[in-house]
$ cat upload.txt   # compact mmCIF, C-alpha atoms and all ligand atoms
# COMPACT_ATOMS: atom_id res chain seq x y z
CA MET A 1 6.06 25.07 -19.81
CA ASN A 2 3.68 26.76 -17.39
CA LEU A 3 0.75 24.76 -16.05
CA SER A 4 -1.00 27.39 -13.93
CA ARG A 5 -4.02 27.37 -16.30
CA LYS A 6 -4.29 23.58 -15.97
CA LEU A 7 -4.11 23.85 -12.17
CA GLU A 8 -7.02 26.31 -12.24
CA GLN A 9 -8.97 24.18 -14.67
CA TYR A 10 -8.62 20.85 -12.85
CA LEU A 11 -8.34 21.69 -9.15
CA PRO A 12 -11.22 22.94 -7.00
CA GLN A 13 -11.02 26.53 -5.72
CA VAL A 14 -10.53 25.38 -2.08
CA ALA A 15 -7.49 23.32 -3.09
CA LEU A 16 -6.06 26.22 -5.12
CA GLU A 17 -6.39 28.54 -2.13
CA VAL A 18 -4.53 26.06 0.06
CA ILE A 19 -1.83 25.72 -2.59
CA TRP A 20 -1.38 29.51 -2.82
CA ASN A 21 -1.25 29.80 0.95
CA ILE A 22 1.39 27.07 1.36
CA GLY A 23 3.36 28.40 -1.62
CA ASN A 24 3.47 31.89 -0.06
CA ARG A 25 4.53 30.52 3.32
CA ALA A 26 7.28 28.41 1.78
CA SER A 27 8.58 31.33 -0.25
CA GLN A 28 8.58 33.67 2.78
CA SER A 29 10.82 31.25 4.64
CA GLY A 30 13.13 30.78 1.63
CA GLN A 31 11.88 27.27 0.77
CA GLN A 32 10.74 25.83 -2.56
CA LEU A 33 7.40 24.03 -2.83
CA TYR A 34 6.33 21.64 -5.60
CA LEU A 35 3.38 19.50 -6.57
CA VAL A 36 4.79 16.09 -7.50
CA GLY A 37 4.04 12.58 -8.70
CA GLY A 38 0.84 11.17 -10.13
CA ILE A 39 -1.13 14.42 -10.04
CA VAL A 40 1.36 16.16 -12.35
CA ARG A 41 1.14 13.27 -14.81
CA ASP A 42 -2.65 13.34 -14.64
CA LEU A 43 -2.90 17.12 -15.06
CA LEU A 44 -0.84 16.81 -18.24
CA LEU A 45 -3.07 13.96 -19.41
CA GLU A 46 -6.13 16.00 -18.41
CA CYS A 47 -7.40 13.21 -16.11
CA PRO A 48 -9.07 14.29 -12.86
CA ASN A 49 -6.93 13.51 -9.78
CA PHE A 50 -7.10 15.21 -6.37
CA ASP A 51 -4.29 13.30 -4.73
CA LEU A 52 -2.20 16.31 -3.68
CA ASP A 53 1.42 15.37 -2.95
CA PHE A 54 3.86 18.18 -2.19
CA VAL A 55 7.62 18.20 -1.87
CA VAL A 56 9.48 20.97 -0.04
CA GLU A 57 13.12 21.81 -0.49
CA GLY A 58 13.46 22.71 3.18
CA ASN A 59 11.47 21.33 6.10
CA ALA A 60 8.03 19.83 5.47
CA VAL A 61 7.25 19.30 9.16
CA THR A 62 7.71 22.92 10.27
CA LEU A 63 5.96 24.20 7.13
CA ALA A 64 2.94 21.98 7.88
CA GLN A 65 2.91 23.15 11.50
CA GLN A 66 2.93 26.79 10.39
CA ILE A 67 0.02 26.19 8.01
CA ALA A 68 -1.96 24.33 10.68
CA ALA A 69 -1.37 27.17 13.18
CA SER A 70 -2.87 29.74 10.80
CA SER A 71 -5.78 27.71 9.38
CA SER A 72 -8.47 25.20 10.34
CA ALA A 73 -6.27 22.31 9.19
CA ARG A 74 -5.27 19.51 11.51
CA THR A 75 -1.77 18.22 11.10
CA MET A 76 -0.04 14.90 11.65
CA THR A 77 3.71 15.02 11.49
CA TYR A 78 6.30 12.29 11.10
CA PRO A 79 9.61 14.06 11.90
CA ARG A 80 11.58 10.83 11.53
CA PHE A 81 10.56 10.68 7.86
CA GLY A 82 10.41 14.45 7.32
CA THR A 83 6.76 14.21 6.25
CA ALA A 84 3.42 15.62 7.34
CA LYS A 85 -0.25 15.31 6.53
CA LEU A 86 -2.55 18.31 6.60
CA LYS A 87 -6.26 17.58 6.93
CA PHE A 88 -8.66 20.26 5.75
CA ASP A 89 -12.44 19.93 5.95
CA ALA A 90 -12.87 18.69 2.38
CA PHE A 91 -9.53 17.05 1.60
CA ALA A 92 -6.06 16.16 2.86
CA ILE A 93 -2.59 16.79 1.49
CA ASP A 94 0.77 15.15 2.04
CA ILE A 95 3.93 17.22 2.33
CA ALA A 96 7.36 15.60 2.25
CA THR A 97 10.83 17.02 2.66
CA ALA A 98 12.77 16.43 -0.57
CA ARG A 99 14.76 13.26 -0.03
CA ASN A 100 17.57 11.22 -1.38
CA GLU A 101 17.25 7.44 -1.23
CA THR A 102 19.76 4.64 -1.59
CA TYR A 103 19.14 0.90 -1.43
CA ALA A 104 21.54 -1.36 0.47
CA ARG A 105 20.38 -4.44 -1.50
CA PRO A 106 17.48 -5.43 -3.76
CA GLY A 107 14.17 -5.48 -1.90
CA ALA A 108 15.58 -3.65 1.15
CA LEU A 109 13.86 -0.53 2.41
CA PRO A 110 15.67 2.61 1.23
CA ILE A 111 18.17 4.61 3.31
CA VAL A 112 16.77 8.15 3.34
CA THR A 113 18.63 11.48 3.66
CA PRO A 114 17.44 15.07 2.90
CA GLY A 115 18.01 16.14 -0.70
CA THR A 116 17.01 18.45 -3.53
CA LEU A 117 13.91 18.19 -5.72
CA LYS A 118 16.05 16.58 -8.40
CA ASP A 119 17.25 13.93 -5.90
CA ASP A 120 13.67 13.37 -4.91
CA LEU A 121 12.51 12.94 -8.49
CA SER A 122 15.47 10.72 -9.38
CA ARG A 123 14.42 8.08 -6.80
CA ARG A 124 11.01 7.66 -8.42
CA ASP A 125 9.71 4.80 -10.51
CA PHE A 126 9.04 6.13 -14.03
CA ALA A 127 9.73 9.34 -15.91
CA ILE A 128 6.00 10.06 -16.22
CA ASN A 129 5.82 10.03 -12.38
CA ALA A 130 8.99 12.06 -11.90
CA MET A 131 7.74 15.54 -12.83
CA ALA A 132 6.93 18.48 -10.55
CA ILE A 133 5.12 21.81 -10.72
CA SER A 134 6.55 24.77 -8.84
CA LEU A 135 4.08 26.38 -6.42
CA VAL A 136 6.00 29.37 -5.00
CA PRO A 137 4.81 32.76 -6.37
CA GLU A 138 8.08 33.51 -8.23
CA SER A 139 7.76 30.49 -10.54
CA TYR A 140 4.15 29.42 -9.98
CA GLY A 141 3.00 26.73 -12.42
CA GLU A 142 6.41 26.01 -14.01
CA LEU A 143 6.90 22.37 -14.96
CA VAL A 144 10.09 20.74 -13.67
CA ASP A 145 10.85 17.72 -15.84
CA PRO A 146 14.49 16.64 -15.56
CA TYR A 147 13.82 13.09 -16.83
CA HIS A 148 11.69 14.00 -19.86
CA GLY A 149 8.43 12.63 -18.54
CA LEU A 150 6.43 14.96 -20.77
CA ASN A 151 8.11 13.50 -23.84
CA ASP A 152 7.19 10.01 -22.59
CA LEU A 153 3.58 11.07 -22.08
CA GLN A 154 3.50 12.33 -25.64
CA HIS A 155 4.97 9.05 -26.90
CA ARG A 156 2.82 6.97 -24.53
CA LEU A 157 5.81 5.32 -22.83
CA ILE A 158 6.52 3.85 -19.40
CA ARG A 159 10.26 4.28 -18.81
CA ILE A 160 12.40 3.67 -15.75
CA LEU A 161 14.94 6.36 -14.85
CA HIS A 162 18.00 4.11 -14.60
CA PRO A 163 18.88 0.44 -15.24
CA GLN A 164 18.98 -0.40 -11.49
CA SER A 165 15.41 0.75 -10.93
CA PHE A 166 13.73 -2.69 -10.82
CA ARG A 167 16.60 -4.01 -8.69
CA ASP A 168 16.11 -1.15 -6.22
CA ASP A 169 12.41 -1.89 -5.95
CA ALA A 170 10.94 -4.87 -7.78
CA THR A 171 7.36 -3.80 -6.96
CA ARG A 172 7.96 -1.40 -9.85
CA ILE A 173 7.49 -4.43 -12.12
CA LEU A 174 3.87 -4.60 -10.96
CA ARG A 175 3.50 -0.81 -11.06
CA ALA A 176 4.86 -0.62 -14.62
CA ILE A 177 2.27 -3.12 -15.78
CA ARG A 178 -0.49 -1.29 -13.92
CA TYR A 179 0.31 2.04 -15.58
CA GLU A 180 0.93 0.45 -18.98
CA GLN A 181 -2.53 -1.09 -18.92
CA ARG A 182 -4.31 1.81 -17.23
CA LEU A 183 -3.01 4.44 -19.63
CA ASN A 184 -2.80 2.16 -22.64
CA PHE A 185 0.90 3.03 -22.96
CA ASN A 186 3.84 0.82 -23.95
CA LEU A 187 6.87 -0.19 -21.95
CA GLU A 188 9.88 1.56 -23.43
CA ARG A 189 12.24 -0.98 -25.07
CA GLU A 190 14.98 -1.12 -22.43
CA THR A 191 12.41 -0.90 -19.62
CA SER A 192 10.55 -3.84 -21.10
CA GLN A 193 13.71 -5.90 -21.38
CA LEU A 194 14.87 -5.09 -17.83
CA LEU A 195 11.41 -5.74 -16.46
CA LYS A 196 11.43 -9.26 -17.90
CA GLU A 197 14.99 -9.93 -16.73
CA ASN A 198 14.24 -8.75 -13.20
CA ILE A 199 11.03 -10.73 -12.64
CA PRO A 200 12.89 -13.23 -10.35
CA LEU A 201 13.67 -10.28 -8.04
CA LEU A 202 10.03 -10.21 -7.01
CA ASP A 203 11.04 -13.08 -4.73
CA THR A 204 12.92 -10.48 -2.67
CA ILE A 205 9.69 -8.55 -2.07
CA SER A 206 7.66 -9.27 1.05
CA ASN A 207 4.28 -10.94 0.71
CA ASP A 208 2.57 -7.88 2.19
CA ARG A 209 4.03 -5.53 -0.41
CA ILE A 210 3.03 -7.87 -3.24
CA ARG A 211 -0.49 -7.97 -1.81
CA ARG A 212 -0.66 -4.17 -1.63
CA GLU A 213 0.38 -3.88 -5.28
CA LEU A 214 -2.19 -6.47 -6.30
CA ASN A 215 -4.83 -4.54 -4.36
CA LEU A 216 -3.89 -1.40 -6.28
CA ILE A 217 -4.41 -3.34 -9.51
CA LEU A 218 -7.83 -4.44 -8.28
CA LEU A 219 -8.74 -0.78 -7.74
CA GLU A 220 -8.08 0.04 -11.39
CA GLU A 221 -11.02 0.67 -13.69
CA CYS A 222 -10.38 -2.53 -15.70
CA PRO A 223 -8.08 -4.69 -13.51
CA GLU A 224 -8.39 -7.64 -15.87
CA ARG A 225 -6.06 -5.86 -18.27
CA ALA A 226 -3.10 -5.68 -15.86
CA LEU A 227 -3.91 -9.12 -14.40
CA GLY A 228 -3.91 -10.63 -17.88
CA ARG A 229 -0.56 -9.02 -18.61
CA LEU A 230 0.90 -10.32 -15.32
CA CYS A 231 -0.09 -13.83 -16.37
CA GLU A 232 1.20 -13.36 -19.92
CA LEU A 233 4.60 -12.23 -18.62
CA ARG A 234 4.56 -14.93 -15.88
CA VAL A 235 5.27 -12.33 -13.24
CA LEU A 236 3.70 -14.20 -10.31
CA PRO A 237 3.87 -18.00 -10.49
CA GLU A 238 0.96 -18.15 -8.02
CA LEU A 239 -1.20 -16.31 -10.53
CA ALA A 240 -0.95 -18.48 -13.61
CA LEU A 241 -4.16 -18.29 -15.59
CA SER A 242 -4.30 -19.83 -19.07
CA PRO A 243 -5.32 -17.63 -22.03
CA LYS A 244 -8.78 -19.25 -21.89
CA GLU A 245 -9.13 -18.48 -18.18
CA ARG A 246 -7.99 -14.89 -18.82
CA GLY A 247 -10.73 -14.51 -21.44
CA TRP A 248 -13.25 -15.90 -18.95
CA LEU A 249 -11.99 -13.52 -16.26
CA ALA A 250 -12.29 -10.48 -18.52
CA GLU A 251 -15.90 -11.36 -19.31
CA LYS A 252 -16.77 -11.90 -15.63
CA PHE A 253 -15.01 -8.72 -14.43
CA GLN A 254 -17.04 -6.73 -16.94
CA LYS A 255 -20.21 -8.35 -15.65
CA ALA A 256 -19.12 -7.61 -12.06
CA ARG A 257 -18.71 -3.90 -12.91
CA SER A 258 -22.09 -3.64 -14.53
CA GLN A 259 -23.93 -5.51 -11.74
CA HIS A 260 -22.09 -4.22 -8.71
CA ARG A 261 -24.21 -2.07 -6.39
CA THR A 262 -22.88 -2.22 -2.84
CA GLY A 263 -19.82 -3.49 -0.99
CA SER A 264 -16.28 -3.51 -2.30
CA LEU A 265 -15.87 -4.10 -6.03
CA ALA A 266 -12.19 -4.98 -5.42
CA GLN A 267 -13.29 -7.83 -3.12
CA LEU A 268 -15.69 -9.11 -5.73
CA TYR A 269 -12.90 -9.04 -8.32
CA LEU A 270 -10.65 -10.95 -5.94
CA CYS A 271 -13.25 -13.69 -5.48
CA LEU A 272 -13.59 -13.97 -9.27
CA LEU A 273 -9.83 -13.95 -9.74
CA VAL A 274 -9.41 -17.10 -7.64
CA TYR A 275 -12.48 -18.80 -9.12
CA PRO A 276 -10.50 -20.86 -11.63
CA PHE A 277 -8.09 -22.00 -8.89
CA THR A 278 -8.03 -25.43 -7.26
CA PRO A 279 -8.13 -25.43 -3.44
CA GLU A 280 -4.39 -26.24 -3.48
CA SER A 281 -3.48 -23.39 -5.83
CA LEU A 282 -5.64 -21.07 -3.73
CA GLU A 283 -3.62 -21.96 -0.62
CA LYS A 284 -0.35 -21.16 -2.42
CA PHE A 285 -1.78 -17.85 -3.59
CA LEU A 286 -2.98 -16.94 -0.06
CA CYS A 287 0.41 -17.81 1.35
CA ARG A 288 2.33 -15.76 -1.25
CA LEU A 289 0.19 -12.72 -0.49
CA ASN A 290 0.10 -13.29 3.27
CA MET A 291 -3.62 -12.75 2.88
CA PRO A 292 -5.29 -11.66 6.14
CA GLY A 293 -7.59 -14.18 7.83
CA ARG A 294 -10.94 -12.68 6.82
CA ALA A 295 -10.03 -12.26 3.18
CA SER A 296 -8.62 -15.81 3.11
CA GLN A 297 -11.88 -17.11 4.54
CA MET A 298 -13.85 -15.22 1.92
CA LEU A 299 -11.79 -16.76 -0.87
CA ARG A 300 -11.95 -20.29 0.57
CA LYS A 301 -15.71 -19.92 0.96
CA THR A 302 -15.93 -18.80 -2.67
CA LEU A 303 -14.39 -22.09 -3.78
CA ASN A 304 -16.45 -24.09 -1.23
CA LEU A 305 -19.64 -22.69 -2.67
CA LYS A 306 -18.41 -23.27 -6.22
CA ALA A 307 -17.93 -26.96 -5.30
CA SER A 308 -21.48 -27.15 -3.86
CA LEU A 309 -23.27 -25.28 -6.63
CA PHE A 310 -24.50 -28.50 -8.24
CA LEU A 311 -26.82 -28.89 -5.22
CA LEU A 312 -28.70 -25.84 -6.50
CA GLY A 313 -29.29 -27.44 -9.89
CA GLY A 314 -32.23 -29.72 -8.94
CA GLU A 315 -35.37 -29.51 -11.07
CA THR A 316 -37.57 -28.24 -8.23
CA MET A 317 -36.35 -26.71 -5.02
CA LYS A 318 -38.22 -25.13 -2.15
CA ASN A 319 -37.15 -21.67 -1.10
CA SER A 320 -36.31 -23.07 2.33
CA GLU A 321 -33.92 -25.59 0.73
CA ILE A 322 -32.16 -22.83 -1.19
CA HIS A 323 -31.98 -20.79 2.01
CA HIS A 324 -30.55 -23.71 3.96
CA LEU A 325 -27.73 -24.18 1.42
CA LEU A 326 -26.79 -20.52 1.10
CA LYS A 327 -27.53 -18.85 4.44
CA ASP A 328 -23.97 -19.00 5.78
CA TYR A 329 -22.25 -17.36 2.80
CA ALA A 330 -21.25 -13.69 2.71
CA PRO A 331 -22.96 -11.50 0.06
CA VAL A 332 -19.73 -11.07 -1.93
CA VAL A 333 -19.19 -14.85 -2.10
CA LEU A 334 -22.74 -15.34 -3.37
CA GLN A 335 -22.37 -12.56 -5.89
CA ALA A 336 -19.09 -13.93 -7.24
CA ASN A 337 -20.67 -17.36 -7.66
CA ALA A 338 -23.74 -15.88 -9.34
CA ILE A 339 -21.54 -14.00 -11.82
CA ALA A 340 -19.30 -17.01 -12.37
CA SER A 341 -22.04 -19.59 -12.83
CA ASP A 342 -23.20 -20.11 -16.40
CA VAL A 343 -25.98 -22.54 -15.47
CA GLU A 344 -29.20 -20.57 -15.71
CA VAL A 345 -31.14 -22.27 -12.92
CA ILE A 346 -28.21 -22.04 -10.48
CA HIS A 347 -27.66 -18.40 -11.31
CA ARG A 348 -31.36 -17.68 -10.82
CA ARG A 349 -31.43 -19.35 -7.39
CA LEU A 350 -28.32 -17.52 -6.20
CA VAL A 351 -29.89 -14.22 -7.23
CA LEU A 352 -33.23 -15.18 -5.66
CA PHE A 353 -31.46 -15.87 -2.37
CA SER A 354 -29.41 -12.65 -2.42
CA ASN A 355 -32.24 -10.38 -3.53
CA GLU A 356 -35.19 -11.87 -1.64
CA LEU A 357 -34.78 -14.93 0.57
CA ARG A 358 -31.87 -13.53 2.56
CA GLN A 359 -34.05 -10.63 3.74
CA ILE A 360 -36.98 -12.80 4.90
CA ALA A 361 -37.30 -12.98 8.68
CA ILE A 362 -39.97 -14.11 11.10
CA TYR A 363 -41.65 -11.82 13.62
CA SER A 364 -41.29 -14.18 16.58
CA THR A 365 -38.35 -14.26 18.93
CA GLY A 366 -37.42 -16.81 21.59
CA ASN A 367 -39.11 -14.58 24.20
CA ASP A 368 -42.36 -14.59 22.20
CA LEU A 369 -42.32 -18.38 22.24
CA THR A 370 -41.61 -18.47 25.97
CA ARG A 371 -44.70 -16.29 26.43
CA LEU A 372 -46.67 -18.85 24.42
CA GLY A 373 -45.54 -21.45 26.95
CA PHE A 374 -42.50 -22.98 25.25
CA PRO A 375 -39.82 -23.92 27.73
CA PRO A 376 -36.49 -22.16 26.95
CA GLY A 377 -34.10 -24.61 25.30
CA PRO A 378 -33.21 -26.23 22.00
CA GLU A 379 -36.84 -27.06 21.14
CA THR A 380 -37.63 -23.36 20.98
CA GLY A 381 -34.80 -22.82 18.51
CA GLU A 382 -36.17 -25.70 16.46
CA VAL A 383 -39.63 -24.13 16.37
CA LEU A 384 -38.18 -20.80 15.24
CA LYS A 385 -36.47 -22.65 12.40
CA GLN A 386 -39.74 -24.33 11.44
CA LEU A 387 -41.49 -20.94 11.40
CA LEU A 388 -38.84 -19.45 9.12
CA LYS A 389 -39.07 -22.47 6.83
CA ALA A 390 -42.83 -22.07 6.57
CA LYS A 391 -42.48 -18.36 5.87
CA LEU A 392 -39.83 -18.91 3.19
CA ASP A 393 -42.06 -21.48 1.48
CA GLY A 394 -45.05 -19.15 1.60
CA SER A 395 -47.35 -21.18 3.86
CA ILE A 396 -47.47 -18.38 6.47
CA LYS A 397 -47.20 -14.62 6.05
CA THR A 398 -48.64 -12.64 8.97
CA ARG A 399 -47.70 -12.50 12.63
CA ALA A 400 -51.03 -14.13 13.53
CA GLU A 401 -50.36 -17.03 11.14
CA GLU A 402 -46.94 -17.40 12.68
CA GLU A 403 -48.33 -17.63 16.22
CA LYS A 404 -50.98 -20.09 15.12
CA LEU A 405 -48.33 -22.35 13.57
CA ALA A 406 -46.14 -22.04 16.66
CA ILE A 407 -49.02 -23.24 18.86
CA GLU A 408 -49.71 -26.11 16.45
CA LEU A 409 -46.07 -27.09 16.55
CA LYS A 410 -46.16 -26.96 20.34
CA THR A 411 -49.06 -29.39 20.43
CA THR A 412 -47.39 -31.80 17.99
CA GLU A 413 -44.03 -31.45 19.75
CA ALA A 414 -45.68 -32.26 23.07
CA GLY A 415 -47.59 -35.14 21.46
CA THR A 416 -44.43 -36.53 19.86
CA ALA A 417 -42.54 -36.17 23.09
CA ARG A 418 -45.28 -37.99 25.07
CA THR A 419 -45.42 -40.92 22.65
CA GLN A 420 -41.62 -41.32 22.43
CA PRO A 421 -39.92 -43.81 24.76
CA ARG A 422 -38.21 -41.95 27.62
CA ARG A 423 -34.63 -42.71 26.61
CA ASN A 424 -35.16 -41.29 23.08
CA ARG A 425 -36.59 -37.99 24.12
CA ARG A 426 -33.32 -36.19 23.80
N1 LIG B 501 6.63 6.03 -6.26
C1 LIG B 501 7.79 5.41 -6.72
N2 LIG B 501 8.00 4.08 -6.51
C2 LIG B 501 7.08 3.35 -5.82
C3 LIG B 501 5.91 3.96 -5.34
C4 LIG B 501 5.72 5.32 -5.59
O1 LIG B 501 8.61 6.06 -7.34
N3 LIG B 501 7.30 2.03 -5.61
C5 LIG B 501 6.47 7.48 -6.51
C6 LIG B 501 5.92 7.85 -7.87
O2 LIG B 501 6.50 9.04 -8.27
C7 LIG B 501 4.45 8.08 -7.62
C8 LIG B 501 4.48 8.68 -6.20
O3 LIG B 501 5.58 8.03 -5.56
O4 LIG B 501 3.89 8.96 -8.55
C9 LIG B 501 3.24 8.46 -5.38
O5 LIG B 501 2.95 7.08 -5.28
P1 LIG B 501 1.49 6.53 -5.54
O6 LIG B 501 0.53 7.29 -4.73
O7 LIG B 501 1.51 5.05 -5.42
O8 LIG B 501 1.31 6.84 -7.10
P2 LIG B 501 0.42 7.93 -7.81
O9 LIG B 501 1.04 8.13 -9.14
O10 LIG B 501 0.19 9.13 -6.97
O11 LIG B 501 -0.99 7.25 -7.85
P3 LIG B 501 -1.64 6.39 -8.96
O12 LIG B 501 -1.52 4.98 -8.48
O13 LIG B 501 -3.03 6.89 -9.04
O14 LIG B 501 -0.95 6.62 -10.23

$ encode --input "upload.txt" --output "structure tokens"
Amino acid sequence: MNLSRKLEQYLPQVALEVIWNIGNRASQSGQQLYLVGGIVRDLLLECPNFDLDFVVEGNAVTLAQQIAASSSARTMTYPRFGTAKLKFDAFAIDIATARNETYARPGALPIVTPGTLKDDLSRRDFAINAMAISLVPESYGELVDPYHGLNDLQHRLIRILHPQSFRDDATRILRAIRYEQRLNFNLERETSQLLKENIPLLDTISNDRIRRELNLILLEECPERALGRLCELRVLPELALSPKERGWLAEKFQKARSQHRTGSLAQLYLCLLVYPFTPESLEKFLCRLNMPGRASQMLRKTLNLKASLFLLGGETMKNSEIHHLLKDYAPVVLQANAIASDVEVIHRRLVLFSNELRQIAIYSTGNDLTRLGFPPGPETGEVLKQLLKAKLDGSIKTRAEEEKLAIELKTTEAGTARTQPRRNRR
């Protein structure tokens, strides 16, 4: 099968020119060049993908250096791994020397030696990801498919290449579920059976690698699908949502997608994912994923706010009271709680804070108050707080009104201070 028409149809002209250039270079030096991995799968599925991964039967590092020397591309080379990155103005590409990999034991990093394209494809996760397209002029566009990935695409199957695959790399369990749910494919029968049998091997995978795979799931268009499947298959004990919680999650993820404007959608999903957790189950989850400090804080804060939401349910609340309760929470934590909360008044107040109250600020600074005769110190900070409170509650608006109130507060402060017994003044 020749895919040159598909390459032209789906890749931008600049990328095609780079491909032709590298293909010519490789051919001139007697090397073979291929496009490999996810982009081949996606070209065949007619899904846009510009993640250009090349494999060279030869030497990727010297090839990349030659291309960089004759173009505007910048290159980063990793001779120890036989790989290079070429950065063009509009995009970047990865070139790797074809490699052979063996695993000393389950979960270990692979032992890598140079190999042929077929070796390189044989070390990959699934047949649909183990196809290549030749890019040298003599065979430009020819599909190389030694493991029948095209047949699997036609039958909508995720299939490992050999029975040891999940033992070699148990993160493939998570990857299989991600592709199955993304593409709406099925796990091939033996793959499905081996996947289930090998779930305990995920214990051999480092927390960081599990976290990276989970992040990739959160970057999917509808992550709730793969997350639901992970729970159904009991893949991660730390992520054990009941069918009811999974239904809830699906509804909230959909809402998150439709309401999300700025910031990271994956972070918002993560906050919603842990929403049904208890503080104890959250700690186990954070530990299993070796979650970095900031993300852990964000998730703990999400549950803290969830536990305090009832304070926002009062019949009447001043804006300043809402502000006081919510001012220390990050936007993503507030947004997750707003999406998660089904109590109308609480939802409304969370949105009011995020959309309006959070942005309200006073004109005055500490220096302005010093100019008005306030001594620097904690009292000045207190007056600034009083000014913000008054502004939030609508009793002052303009700079002039703010100054007037500051002077009034100064008089009352001074009066209060004078009438207080000396020892209580502090
Ligand atoms: N790969 C693999 N086993 C892994 C990770 C990656 O065999 N544990 C191979 C697959 O052939 C995959 C390629 O390396 O296609 C590139 O990896 P990655 O970028 O993660 O996958 P893509 O298919 O390019 O990207 P996507 O997640 O969009 O499908």

$ residues_near_ligand --input "upload.txt" --ligand "ligand LIG 501 (chain B)" --cutoff "10 Å" --atoms "all atoms listed in the file" --output "ChimeraX atom specification"
/A:36-42,49-53,120-132,160-161,165-166,168-176,178-179,182-183,209,213,216-217,219-220

$ atom_distance --input "upload.txt" --atom1 "CA of Leu157 in chain A" --atom2 "CA of Asn186 in chain A"
5.0 Å

$ closest_residue --input "upload.txt" --among "A:Ala256, A:Ala64, A:Ile360, A:Met76" --to "Asp393 in chain A" --atoms "all atoms listed in the file"
A:Ile360

$ atom_distance --input "upload.txt" --atom1 "CA of Ser354 in chain A" --atom2 "CA of Ser264 in chain A"
16.0 Å

$ residues_around --input "upload.txt" --residues "Asn100 in chain A" --least-positions-apart "4" --cutoff "8 Å" --atoms "only C-alpha atoms" --output "list in words"
Val112, Thr113, Pro114, Gly115, Thr116, Asp119, Asp120 and Arg123 of chain A

$ closest_residue --input "upload.txt" --among "A:Leu249, A:Leu357, A:Ile205, A:Ile158" --to "Ile322 in chain A" --atoms "all atoms listed in the file"
A:Leu357

$ closest_residue --input "upload.txt" --among "A:Thr316, A:Gln254, A:Thr262, A:Ser134" --to "Gly23 in chain A" --atoms "only C-alpha atoms"
A:Ser134

$ residues_around --input "upload.txt" --residues "Cys231 in chain A" --least-positions-apart "3" --cutoff "6 Å" --atoms "all atoms listed in the file" --output "MDAnalysis selection string"
chainID A and resid 228 234 240
